[in-house]
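Undergrad: Quick one: the structure is below, questions incoming.
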Amino acid sequence: MAKPNPVIITCAPTGGIHTPTMSEHLPITPSEIAEASIGAAEAGASIIHLHARNPETGQPDADPELFMQFLPRIKQATGAVMNVSTGGGLGMSREDRLRAALRASPEMASMNMGSMNFGIFPMKAKYSDWKHDWEPEFLDMTRDFIFRNTFADIEYAMRELGDGHGTKFEFECYDLSHLYNLAWVIDQGWVKPPFFIQMVFGILGGVGADLDNLVHMHGVAQRLFGDSYEWSVLAAGRHQMRFATQAALLGGNVRVGLEDSLYIGPGQLARSNADQVTKIRGIIESLGLDIATPEQARARLGLKG
Ligand code: KMH
Ligand code: ZN
């Protein structure tokens, strides 16, 4: 039997959801984001998924100048694939969300495949996280927040970034319906294979972090996209490592990072992004699998380099 493909590890060092009050290890300034990303790449991540934050307030910030303070530095130091988020933050316009990627013209950008509620409320029972230190005002804002990704938004982003810059996408699919949205988008001819699908589990508003959901989503992706896609899995909070492990076992790729979980184990904050990468890398290698280099990731995902 042929050896399985090396596992592509993506690391998302900061995101735009967790607040600085929740963990002192969350990178905020451009220099902190650069250092965290370089550490993650040295630990084995071949793709770095990046957001920027306002260095004073810690809030998500669309300013391309902030991104340009860390993107070239990380790429130069590590050779990792730069993946610029178009997810933005609460209240950002469609144009704002694209500004950094349009300026940086990266190899990869995120593309969220459907509109949804995006709940971060303390959840009950088995969906609860280990600890909740959300700021009350932030929680309140998210109650009425729609994570907007209409077909028009998706087409706009794909035309500007894909056609205009040759950027390929990390298709973020938070539910089964998002896979069908992607299939429809492909039918429109807006994007070309290979497709990189990031399945997201455990966000309230999207599909829950239950193993049968992962198996089913993978089966549907297989039916819809055949051999024209690579798939990866991220799960929020305490589900992160378990889901990444399950994805690797099923032949998929994985994403970790403080954007998705602040923890390294039950009740224990991760001290760095590199800690999470090192942990999942150890699990992957102990399963007899290899991890992908940035060059291997580029070749498999058809990136411009
Ligand atoms: N925060 C993750 C659940 C994006 O940046 O475009 C999804 C994400 C979205 O990474
Ligand atoms: Zn993100």
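Ordering of the structure tokens sets the chain letters (A, B, ...), residue numbers begin anew at 1 in every chain, and ligands are numbered from 1 in the order given.
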Given only C-alpha atoms and all ligand atoms, how would the per-residue table for chain A near ligand 2 read, listing every residue at most 9 Å away with its closest atom pair and distance in Å to one decimal, sorted by chain and number, as a Markdown table?
TA:
```
| residue | atom | partner | partner_atom_place_in_ligand_line | distance |
| --- | --- | --- | --- | --- |
| A:Ala12 | CA | ligand 2 | 1 (Zn) | 6.6 |
| A:Pro13 | CA | ligand 2 | 1 (Zn) | 8.9 |
| A:Thr14 | CA | ligand 2 | 1 (Zn) | 7.9 |
| A:Gly15 | CA | ligand 2 | 1 (Zn) | 4.8 |
| A:Gly16 | CA | ligand 2 | 1 (Zn) | 6.9 |
| A:Ile17 | CA | ligand 2 | 1 (Zn) | 8.7 |
| A:His49 | CA | ligand 2 | 1 (Zn) | 6.4 |
| A:Leu50 | CA | ligand 2 | 1 (Zn) | 6.6 |
| A:His51 | CA | ligand 2 | 1 (Zn) | 6.3 |
| A:Val84 | CA | ligand 2 | 1 (Zn) | 8.2 |
| A:Ser85 | CA | ligand 2 | 1 (Zn) | 5.3 |
| A:Thr86 | CA | ligand 2 | 1 (Zn) | 7.6 |
| A:Gly87 | CA | ligand 2 | 1 (Zn) | 6.0 |
| A:Gly88 | CA | ligand 2 | 1 (Zn) | 7.7 |
| A:Ser110 | CA | ligand 2 | 1 (Zn) | 7.2 |
| A:Glu259 | CA | ligand 2 | 1 (Zn) | 6.7 |
| A:Asp260 | CA | ligand 2 | 1 (Zn) | 8.2 |
```
Undergrad: Using only C-alpha atoms, please write the residues we just selected to a file, as a short mmCIF file (atom, residue, chain, number, x, y, z; two decimals), in the first residue's frame.
TA:
```cif
data_model
loop_
_atom_site.label_atom_id
_atom_site.label_comp_id
_atom_site.auth_asym_id
_atom_site.auth_seq_id
_atom_site.Cartn_x
_atom_site.Cartn_y
_atom_site.Cartn_z
CA ALA A 12 -3.65 30.16 12.89
CA PRO A 13 -1.75 32.14 15.52
CA THR A 14 -4.22 34.84 16.60
CA GLY A 15 -7.56 35.18 14.74
CA GLY A 16 -10.05 37.87 15.59
CA ILE A 17 -12.26 36.28 18.22
CA HIS A 49 -3.29 31.60 8.54
CA LEU A 50 -3.03 35.25 9.52
CA HIS A 51 -5.17 38.03 10.97
CA VAL A 84 -4.30 35.93 4.71
CA SER A 85 -7.72 35.83 6.36
CA THR A 86 -10.66 37.49 4.64
CA GLY A 87 -12.89 36.62 7.62
CA GLY A 88 -12.27 40.01 9.20
CA SER A 110 -9.44 32.22 3.55
CA GLU A 259 -7.23 31.43 16.86
CA ASP A 260 -9.10 28.15 17.31
#
```
Undergrad: Find the residue from A:Val207, A:Ala236, A:Leu139, A:Ala183 that sits nearest to ligand 1; use only C-alpha atoms and all ligand atoms when measuring.
TA: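 Answer, going by the shortest atom-to-atom distance: A:Ala236.
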Undergrad: Could you jot down the CA of Thr278 (chain A) to CA of Ala40 (chain A) separation for me, Å, one decimal place?
TA: 8.1 Å
Undergrad: Please, what distance in Å, to one decimal, runs between CA of Thr150 (chain A) and CA of Gly119 (chain A)?
TA: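 Value for the CA of Thr150 (chain A)-CA of Gly119 (chain A) distance: 18.4 Å.
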